[in-house]
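For reference, coords-v8.cif is printed below; it contains mmCIF, N, CA and C atoms.
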data_data
#
loop_
_atom_site.label_atom_id
_atom_site.label_comp_id
_atom_site.auth_asym_id
_atom_site.auth_seq_id
_atom_site.Cartn_x
_atom_site.Cartn_y
_atom_site.Cartn_z
N MET A 1 0.85 -1.18 0.00
CA MET A 1 0.00 0.00 0.00
C MET A 1 0.88 1.23 0.00
N LYS A 2 0.46 2.24 -0.70
CA LYS A 2 1.27 3.45 -0.86
C LYS A 2 0.36 4.68 -0.77
N PRO A 3 0.58 5.54 0.23
CA PRO A 3 -0.18 6.79 0.29
C PRO A 3 0.18 7.68 -0.90
N ILE A 4 -0.73 8.53 -1.28
CA ILE A 4 -0.55 9.44 -2.41
C ILE A 4 -0.21 10.84 -1.91
N GLY A 5 0.63 11.53 -2.65
CA GLY A 5 0.94 12.93 -2.34
C GLY A 5 1.72 13.10 -1.05
N LYS A 6 1.29 14.04 -0.23
CA LYS A 6 1.98 14.40 1.01
C LYS A 6 1.43 13.68 2.24
N TYR A 7 0.68 12.60 2.03
CA TYR A 7 0.11 11.85 3.16
C TYR A 7 1.08 10.79 3.66
N ILE A 8 0.97 10.48 4.96
CA ILE A 8 1.82 9.48 5.60
C ILE A 8 0.93 8.53 6.39
N LEU A 9 1.13 7.25 6.21
CA LEU A 9 0.39 6.21 6.93
C LEU A 9 1.22 5.82 8.15
N ILE A 10 0.61 5.93 9.35
CA ILE A 10 1.36 5.69 10.59
C ILE A 10 0.62 4.74 11.53
N THR A 11 1.37 4.21 12.48
CA THR A 11 0.82 3.45 13.60
C THR A 11 1.25 4.18 14.86
N PRO A 12 0.32 4.79 15.60
CA PRO A 12 0.69 5.50 16.84
C PRO A 12 1.32 4.55 17.85
N ILE A 13 2.27 5.06 18.61
CA ILE A 13 2.94 4.29 19.65
C ILE A 13 2.38 4.73 21.00
N ASN A 14 1.81 3.79 21.73
CA ASN A 14 1.31 4.06 23.07
C ASN A 14 2.35 3.56 24.07
N GLU A 15 3.08 4.49 24.64
CA GLU A 15 4.14 4.12 25.56
C GLU A 15 3.88 4.70 26.94
N GLU A 16 4.36 3.99 27.96
CA GLU A 16 4.28 4.52 29.31
C GLU A 16 5.29 5.64 29.44
N MET A 17 4.87 6.71 30.08
CA MET A 17 5.77 7.83 30.29
C MET A 17 5.99 7.98 31.78
N GLU A 18 7.21 8.36 32.13
CA GLU A 18 7.58 8.51 33.52
C GLU A 18 8.18 9.90 33.73
N THR A 19 7.79 10.53 34.83
CA THR A 19 8.35 11.84 35.16
C THR A 19 9.74 11.66 35.74
N GLU A 20 10.46 12.75 35.89
CA GLU A 20 11.82 12.69 36.45
C GLU A 20 11.82 12.10 37.87
N SER A 21 10.74 12.31 38.60
CA SER A 21 10.67 11.80 39.97
C SER A 21 10.22 10.34 40.03
N GLY A 22 9.91 9.74 38.86
CA GLY A 22 9.55 8.32 38.83
C GLY A 22 8.07 8.02 38.77
N LEU A 23 7.23 9.04 38.70
CA LEU A 23 5.78 8.84 38.60
C LEU A 23 5.41 8.37 37.20
N LEU A 24 4.60 7.32 37.10
CA LEU A 24 4.10 6.87 35.80
C LEU A 24 2.88 7.68 35.43
N LEU A 25 2.85 8.18 34.19
CA LEU A 25 1.71 8.96 33.71
C LEU A 25 0.69 8.04 33.07
N THR A 26 -0.58 8.31 33.29
CA THR A 26 -1.65 7.51 32.71
C THR A 26 -1.87 7.90 31.26
N THR A 27 -2.65 7.11 30.55
CA THR A 27 -3.01 7.42 29.17
C THR A 27 -3.73 8.75 29.09
N GLU A 28 -4.58 9.04 30.08
CA GLU A 28 -5.31 10.31 30.10
C GLU A 28 -4.34 11.50 30.25
N ASP A 29 -3.29 11.31 31.08
CA ASP A 29 -2.31 12.38 31.26
C ASP A 29 -1.53 12.64 29.98
N THR A 30 -1.11 11.58 29.31
CA THR A 30 -0.31 11.75 28.10
C THR A 30 -1.15 12.25 26.93
N ALA A 31 -2.47 12.06 26.97
CA ALA A 31 -3.34 12.56 25.91
C ALA A 31 -3.34 14.08 25.85
N GLU A 32 -2.94 14.73 26.94
CA GLU A 32 -2.91 16.19 26.98
C GLU A 32 -1.67 16.77 26.30
N PHE A 33 -0.66 15.95 26.02
CA PHE A 33 0.54 16.45 25.34
C PHE A 33 0.20 16.86 23.92
N ARG A 34 0.88 17.85 23.42
CA ARG A 34 0.61 18.37 22.08
C ARG A 34 1.04 17.41 20.98
N TYR A 35 2.13 16.66 21.23
CA TYR A 35 2.67 15.78 20.19
C TYR A 35 2.66 14.32 20.62
N ARG A 36 2.45 13.44 19.64
CA ARG A 36 2.44 12.00 19.88
C ARG A 36 3.54 11.35 19.06
N LYS A 37 3.89 10.14 19.46
CA LYS A 37 4.94 9.37 18.80
C LYS A 37 4.29 8.29 17.93
N ALA A 38 4.90 8.00 16.77
CA ALA A 38 4.34 6.99 15.87
C ALA A 38 5.44 6.37 15.03
N THR A 39 5.12 5.22 14.47
CA THR A 39 6.00 4.56 13.51
C THR A 39 5.40 4.75 12.13
N VAL A 40 6.22 5.13 11.17
CA VAL A 40 5.76 5.33 9.80
C VAL A 40 5.64 3.98 9.11
N VAL A 41 4.46 3.69 8.58
CA VAL A 41 4.23 2.46 7.82
C VAL A 41 4.63 2.70 6.37
N ALA A 42 4.17 3.82 5.81
CA ALA A 42 4.50 4.17 4.43
C ALA A 42 4.35 5.68 4.25
N ALA A 43 5.25 6.25 3.45
CA ALA A 43 5.21 7.68 3.15
C ALA A 43 4.66 7.88 1.74
N GLY A 44 3.97 9.00 1.53
CA GLY A 44 3.36 9.30 0.24
C GLY A 44 4.35 9.51 -0.88
N THR A 45 3.81 9.58 -2.08
CA THR A 45 4.63 9.70 -3.30
C THR A 45 5.41 11.00 -3.38
N GLU A 46 4.98 12.04 -2.65
CA GLU A 46 5.67 13.34 -2.68
C GLU A 46 6.43 13.64 -1.39
N VAL A 47 6.56 12.66 -0.50
CA VAL A 47 7.27 12.85 0.78
C VAL A 47 8.70 12.39 0.60
N GLU A 48 9.66 13.27 0.90
CA GLU A 48 11.07 12.93 0.69
C GLU A 48 11.85 12.71 1.98
N ALA A 49 11.54 13.45 3.05
CA ALA A 49 12.35 13.40 4.27
C ALA A 49 11.96 12.29 5.23
N ILE A 50 10.84 11.63 4.98
CA ILE A 50 10.33 10.60 5.89
C ILE A 50 10.15 9.31 5.11
N LYS A 51 10.58 8.21 5.74
CA LYS A 51 10.49 6.90 5.08
C LYS A 51 9.82 5.88 5.98
N GLY A 52 9.33 4.81 5.41
CA GLY A 52 8.76 3.72 6.18
C GLY A 52 9.74 3.22 7.22
N GLY A 53 9.26 2.97 8.43
CA GLY A 53 10.11 2.51 9.52
C GLY A 53 10.62 3.61 10.41
N ASP A 54 10.55 4.88 9.97
CA ASP A 54 10.98 6.00 10.80
C ASP A 54 10.07 6.14 12.01
N THR A 55 10.61 6.66 13.09
CA THR A 55 9.82 7.04 14.26
C THR A 55 9.68 8.55 14.21
N ILE A 56 8.44 9.03 14.37
CA ILE A 56 8.17 10.46 14.25
C ILE A 56 7.38 10.96 15.44
N PHE A 57 7.37 12.27 15.62
CA PHE A 57 6.46 12.95 16.53
C PHE A 57 5.58 13.84 15.67
N TYR A 58 4.27 13.79 15.91
CA TYR A 58 3.33 14.55 15.09
C TYR A 58 2.28 15.22 15.97
N ASP A 59 1.60 16.20 15.42
CA ASP A 59 0.56 16.95 16.14
C ASP A 59 -0.55 16.00 16.57
N ASN A 60 -0.89 16.05 17.84
CA ASN A 60 -1.89 15.17 18.44
C ASN A 60 -3.26 15.25 17.77
N HIS A 61 -3.60 16.40 17.22
CA HIS A 61 -4.93 16.59 16.63
C HIS A 61 -4.94 16.35 15.12
N ALA A 62 -3.85 15.88 14.58
CA ALA A 62 -3.73 15.73 13.13
C ALA A 62 -4.32 14.40 12.65
N GLY A 63 -4.75 14.42 11.40
CA GLY A 63 -5.11 13.20 10.68
C GLY A 63 -6.43 12.57 11.06
N HIS A 64 -6.58 11.35 10.55
CA HIS A 64 -7.78 10.56 10.82
C HIS A 64 -7.41 9.08 10.81
N LYS A 65 -8.30 8.28 11.40
CA LYS A 65 -8.05 6.84 11.50
C LYS A 65 -8.76 6.11 10.37
N MET A 66 -8.19 4.96 9.99
CA MET A 66 -8.82 4.14 8.96
C MET A 66 -8.44 2.68 9.18
N MET A 67 -9.27 1.78 8.69
CA MET A 67 -9.02 0.35 8.80
C MET A 67 -8.59 -0.18 7.44
N ILE A 68 -7.48 -0.91 7.41
CA ILE A 68 -7.01 -1.57 6.20
C ILE A 68 -6.72 -3.01 6.57
N LYS A 69 -7.46 -3.94 5.97
CA LYS A 69 -7.29 -5.36 6.26
C LYS A 69 -7.35 -5.65 7.76
N ASP A 70 -8.37 -5.08 8.42
CA ASP A 70 -8.62 -5.27 9.85
C ASP A 70 -7.53 -4.73 10.77
N ILE A 71 -6.68 -3.85 10.29
CA ILE A 71 -5.67 -3.19 11.11
C ILE A 71 -5.95 -1.69 11.08
N GLN A 72 -5.94 -1.07 12.27
CA GLN A 72 -6.20 0.37 12.36
C GLN A 72 -4.91 1.17 12.17
N TYR A 73 -4.96 2.12 11.26
CA TYR A 73 -3.85 3.03 10.99
C TYR A 73 -4.35 4.45 11.14
N SER A 74 -3.43 5.39 11.18
CA SER A 74 -3.77 6.80 11.11
C SER A 74 -3.11 7.37 9.86
N VAL A 75 -3.75 8.35 9.26
CA VAL A 75 -3.21 9.03 8.09
C VAL A 75 -3.05 10.50 8.46
N ILE A 76 -1.82 11.01 8.28
CA ILE A 76 -1.54 12.41 8.58
C ILE A 76 -0.87 13.05 7.36
N ARG A 77 -0.77 14.37 7.39
CA ARG A 77 -0.05 15.08 6.33
C ARG A 77 1.41 15.28 6.75
N GLU A 78 2.27 15.41 5.78
CA GLU A 78 3.69 15.61 6.05
C GLU A 78 3.93 16.82 6.95
N ASN A 79 3.17 17.90 6.75
CA ASN A 79 3.40 19.12 7.55
C ASN A 79 2.95 18.99 9.00
N ASP A 80 2.31 17.87 9.39
CA ASP A 80 1.94 17.62 10.79
C ASP A 80 3.09 16.98 11.57
N VAL A 81 4.14 16.57 10.88
CA VAL A 81 5.29 15.96 11.53
C VAL A 81 6.25 17.04 12.00
N VAL A 82 6.68 16.93 13.27
CA VAL A 82 7.58 17.94 13.81
C VAL A 82 8.99 17.41 14.07
N VAL A 83 9.14 16.10 14.28
CA VAL A 83 10.45 15.50 14.55
C VAL A 83 10.51 14.12 13.93
N VAL A 84 11.65 13.80 13.31
CA VAL A 84 11.93 12.45 12.82
C VAL A 84 13.12 11.94 13.59
N GLU A 85 12.96 10.77 14.23
CA GLU A 85 14.09 10.20 14.98
C GLU A 85 14.93 9.33 14.08
#
Show me, as structure tokens, the structure contained in the file I just sent.
Amino acid sequence: MKPIGKYILITPINEEMETESGLLLTTEDTAEFRYRKATVVAAGTEVEAIKGGDTIFYDNHAGHKMMIKDIQYSVIRENDVVVVE
């Protein structure tokens, strides 16, 4: 599968977060953060700086969810990505 144009197909990463003092943050706490972490499944035909397999941080309110072959993915635009690891 290949996204078209500037779209990126991702799988969000749900990770436990810990504060400096050792407190574990709940899913509700981390939902308030502006940016989320994800793994890139496939990058669109016009995306050059991001490739499949990259780990990215993107705007929490970006994109939409979709089901492909019973697997849930998110689709975002390239300009919603703020960091590539």
> What is the distance between atom CA of Asp54 of chain A and atom CA of Leu23 of chain A, in Å to one decimal?
Replying inline: 28.4 Å
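Using all atoms listed in the file, every residue with an atom at most 6 Å from the point (-2.3, 6.8, 11.6) is listed here: Leu9, Ile10, Thr11, Pro12, His64, Lys65, Tyr73, Ser74, Val75 and Ile76 of chain A.
Picked by the PyMOL selection byres ((chain A and resi 80-85) around 5) from the coordinates shown: A:Thr55, A:Ile56, A:Phe57, A:Tyr58, A:Asp59, A:Arg77, A:Glu78, A:Asn79.
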>> Applying 8 Å and all atoms listed in the file, which residues near Ile4 of chain A remain after dropping the ones on its own chain fewer than 4 positions away? List them as a PyMOL selection string.
In response: chain A and resi 8-9+43-47
>> As a check of understanding, name the residues that the PyMOL selection byres ((chain A and resi 34) around 6) selects in the supplied structure, as JSON, numbers by chain.
In response: {"A": [32, 33, 35, 36, 58, 59, 60]}
Per DSSP on the backbone, filter chain A down to the residues in alpha helix (DSSP H) and report them as a CSV table (one decimal) with N, CA and C atoms, keeping the file's coordinate frame.
chain,number,residue,atom,x,y,z
A,27,THR,N,-2.6,7.1,30.6
A,27,THR,CA,-3.0,7.4,29.2
A,27,THR,C,-3.7,8.8,29.1
A,28,GLU,N,-4.6,9.0,30.1
A,28,GLU,CA,-5.3,10.3,30.1
A,28,GLU,C,-4.3,11.5,30.2
A,29,ASP,N,-3.3,11.3,31.1
A,29,ASP,CA,-2.3,12.4,31.3
A,29,ASP,C,-1.5,12.6,30.0
A,30,THR,N,-1.1,11.6,29.3
A,30,THR,CA,-0.3,11.8,28.1
A,30,THR,C,-1.2,12.2,26.9
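Between atom N of Glu20 of chain A and atom C of Thr39 of chain A the interatomic distance comes to 25.6 Å.
Considering only C-alpha atoms, the residue among A:Lys69, A:Thr19, A:Met1, A:Val40 positioned nearest to Gly52 of chain A is A:Val40.
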> atom N of Gly63 of chain A and atom N of Lys37 of chain A are how many Å apart?
Replying inline: 12.6 Å
Return as JSON the box centre and box size in Å, one decimal, for an axis-aligned box around all listed atoms of segment 43-52 of chain A padded by 4 Å per side.
{"center_x": 7.9, "center_y": 8.4, "center_z": 1.9, "size_x": 17.0, "size_y": 18.4, "size_z": 18.6}
Test item: write segment 29-53 of chain A with N, CA and C atoms as an mmCIF file, in the first residue's frame:
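Saved to out_18.cif:
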data_model
loop_
_atom_site.group_PDB
_atom_site.id
_atom_site.type_symbol
_atom_site.label_atom_id
_atom_site.label_comp_id
_atom_site.auth_asym_id
_atom_site.auth_seq_id
_atom_site.Cartn_x
_atom_site.Cartn_y
_atom_site.Cartn_z
ATOM 1 N N ASP A 29 -3.295 11.310 31.077
ATOM 2 C CA ASP A 29 -2.306 12.380 31.262
ATOM 3 C C ASP A 29 -1.529 12.643 29.980
ATOM 4 N N THR A 30 -1.109 11.576 29.312
ATOM 5 C CA THR A 30 -0.305 11.747 28.097
ATOM 6 C C THR A 30 -1.147 12.254 26.929
ATOM 7 N N ALA A 31 -2.466 12.063 26.973
ATOM 8 C CA ALA A 31 -3.342 12.557 25.909
ATOM 9 C C ALA A 31 -3.338 14.081 25.850
ATOM 10 N N GLU A 32 -2.945 14.726 26.938
ATOM 11 C CA GLU A 32 -2.909 16.187 26.984
ATOM 12 C C GLU A 32 -1.671 16.774 26.303
ATOM 13 N N PHE A 33 -0.664 15.952 26.020
ATOM 14 C CA PHE A 33 0.535 16.448 25.340
ATOM 15 C C PHE A 33 0.203 16.857 23.918
ATOM 16 N N ARG A 34 0.883 17.852 23.419
ATOM 17 C CA ARG A 34 0.607 18.375 22.081
ATOM 18 C C ARG A 34 1.043 17.406 20.983
ATOM 19 N N TYR A 35 2.132 16.658 21.227
ATOM 20 C CA TYR A 35 2.666 15.780 20.186
ATOM 21 C C TYR A 35 2.662 14.321 20.618
ATOM 22 N N ARG A 36 2.455 13.440 19.645
ATOM 23 C CA ARG A 36 2.443 11.998 19.875
ATOM 24 C C ARG A 36 3.537 11.350 19.057
ATOM 25 N N LYS A 37 3.892 10.137 19.461
ATOM 26 C CA LYS A 37 4.936 9.373 18.798
ATOM 27 C C LYS A 37 4.288 8.292 17.932
ATOM 28 N N ALA A 38 4.897 8.005 16.773
ATOM 29 C CA ALA A 38 4.341 6.991 15.873
ATOM 30 C C ALA A 38 5.441 6.374 15.025
ATOM 31 N N THR A 39 5.120 5.215 14.473
ATOM 32 C CA THR A 39 5.997 4.559 13.514
ATOM 33 C C THR A 39 5.395 4.752 12.133
ATOM 34 N N VAL A 40 6.221 5.133 11.165
ATOM 35 C CA VAL A 40 5.759 5.332 9.801
ATOM 36 C C VAL A 40 5.641 3.980 9.108
ATOM 37 N N VAL A 41 4.457 3.692 8.584
ATOM 38 C CA VAL A 41 4.230 2.461 7.823
ATOM 39 C C VAL A 41 4.631 2.695 6.374
ATOM 40 N N ALA A 42 4.166 3.824 5.812
ATOM 41 C CA ALA A 42 4.496 4.171 4.425
ATOM 42 C C ALA A 42 4.355 5.679 4.248
ATOM 43 N N ALA A 43 5.245 6.247 3.449
ATOM 44 C CA ALA A 43 5.206 7.679 3.151
ATOM 45 C C ALA A 43 4.660 7.876 1.741
ATOM 46 N N GLY A 44 3.972 8.998 1.531
ATOM 47 C CA GLY A 44 3.356 9.297 0.244
ATOM 48 C C GLY A 44 4.350 9.512 -0.881
ATOM 49 N N THR A 45 3.814 9.583 -2.081
ATOM 50 C CA THR A 45 4.626 9.697 -3.297
ATOM 51 C C THR A 45 5.406 11.004 -3.383
ATOM 52 N N GLU A 46 4.981 12.045 -2.651
ATOM 53 C CA GLU A 46 5.670 13.336 -2.682
ATOM 54 C C GLU A 46 6.430 13.642 -1.392
ATOM 55 N N VAL A 47 6.565 12.664 -0.501
ATOM 56 C CA VAL A 47 7.266 12.853 0.778
ATOM 57 C C VAL A 47 8.705 12.386 0.602
ATOM 58 N N GLU A 48 9.661 13.274 0.897
ATOM 59 C CA GLU A 48 11.068 12.935 0.688
ATOM 60 C C GLU A 48 11.848 12.710 1.977
ATOM 61 N N ALA A 49 11.543 13.446 3.047
ATOM 62 C CA ALA A 49 12.351 13.404 4.265
ATOM 63 C C ALA A 49 11.956 12.289 5.230
ATOM 64 N N ILE A 50 10.844 11.631 4.977
ATOM 65 C CA ILE A 50 10.331 10.600 5.891
ATOM 66 C C ILE A 50 10.153 9.312 5.113
ATOM 67 N N LYS A 51 10.576 8.205 5.743
ATOM 68 C CA LYS A 51 10.486 6.899 5.076
ATOM 69 C C LYS A 51 9.817 5.879 5.982
ATOM 70 N N GLY A 52 9.334 4.808 5.409
ATOM 71 C CA GLY A 52 8.761 3.722 6.182
ATOM 72 C C GLY A 52 9.740 3.220 7.215
ATOM 73 N N GLY A 53 9.259 2.974 8.430
ATOM 74 C CA GLY A 53 10.107 2.506 9.517
ATOM 75 C C GLY A 53 10.624 3.608 10.412
#
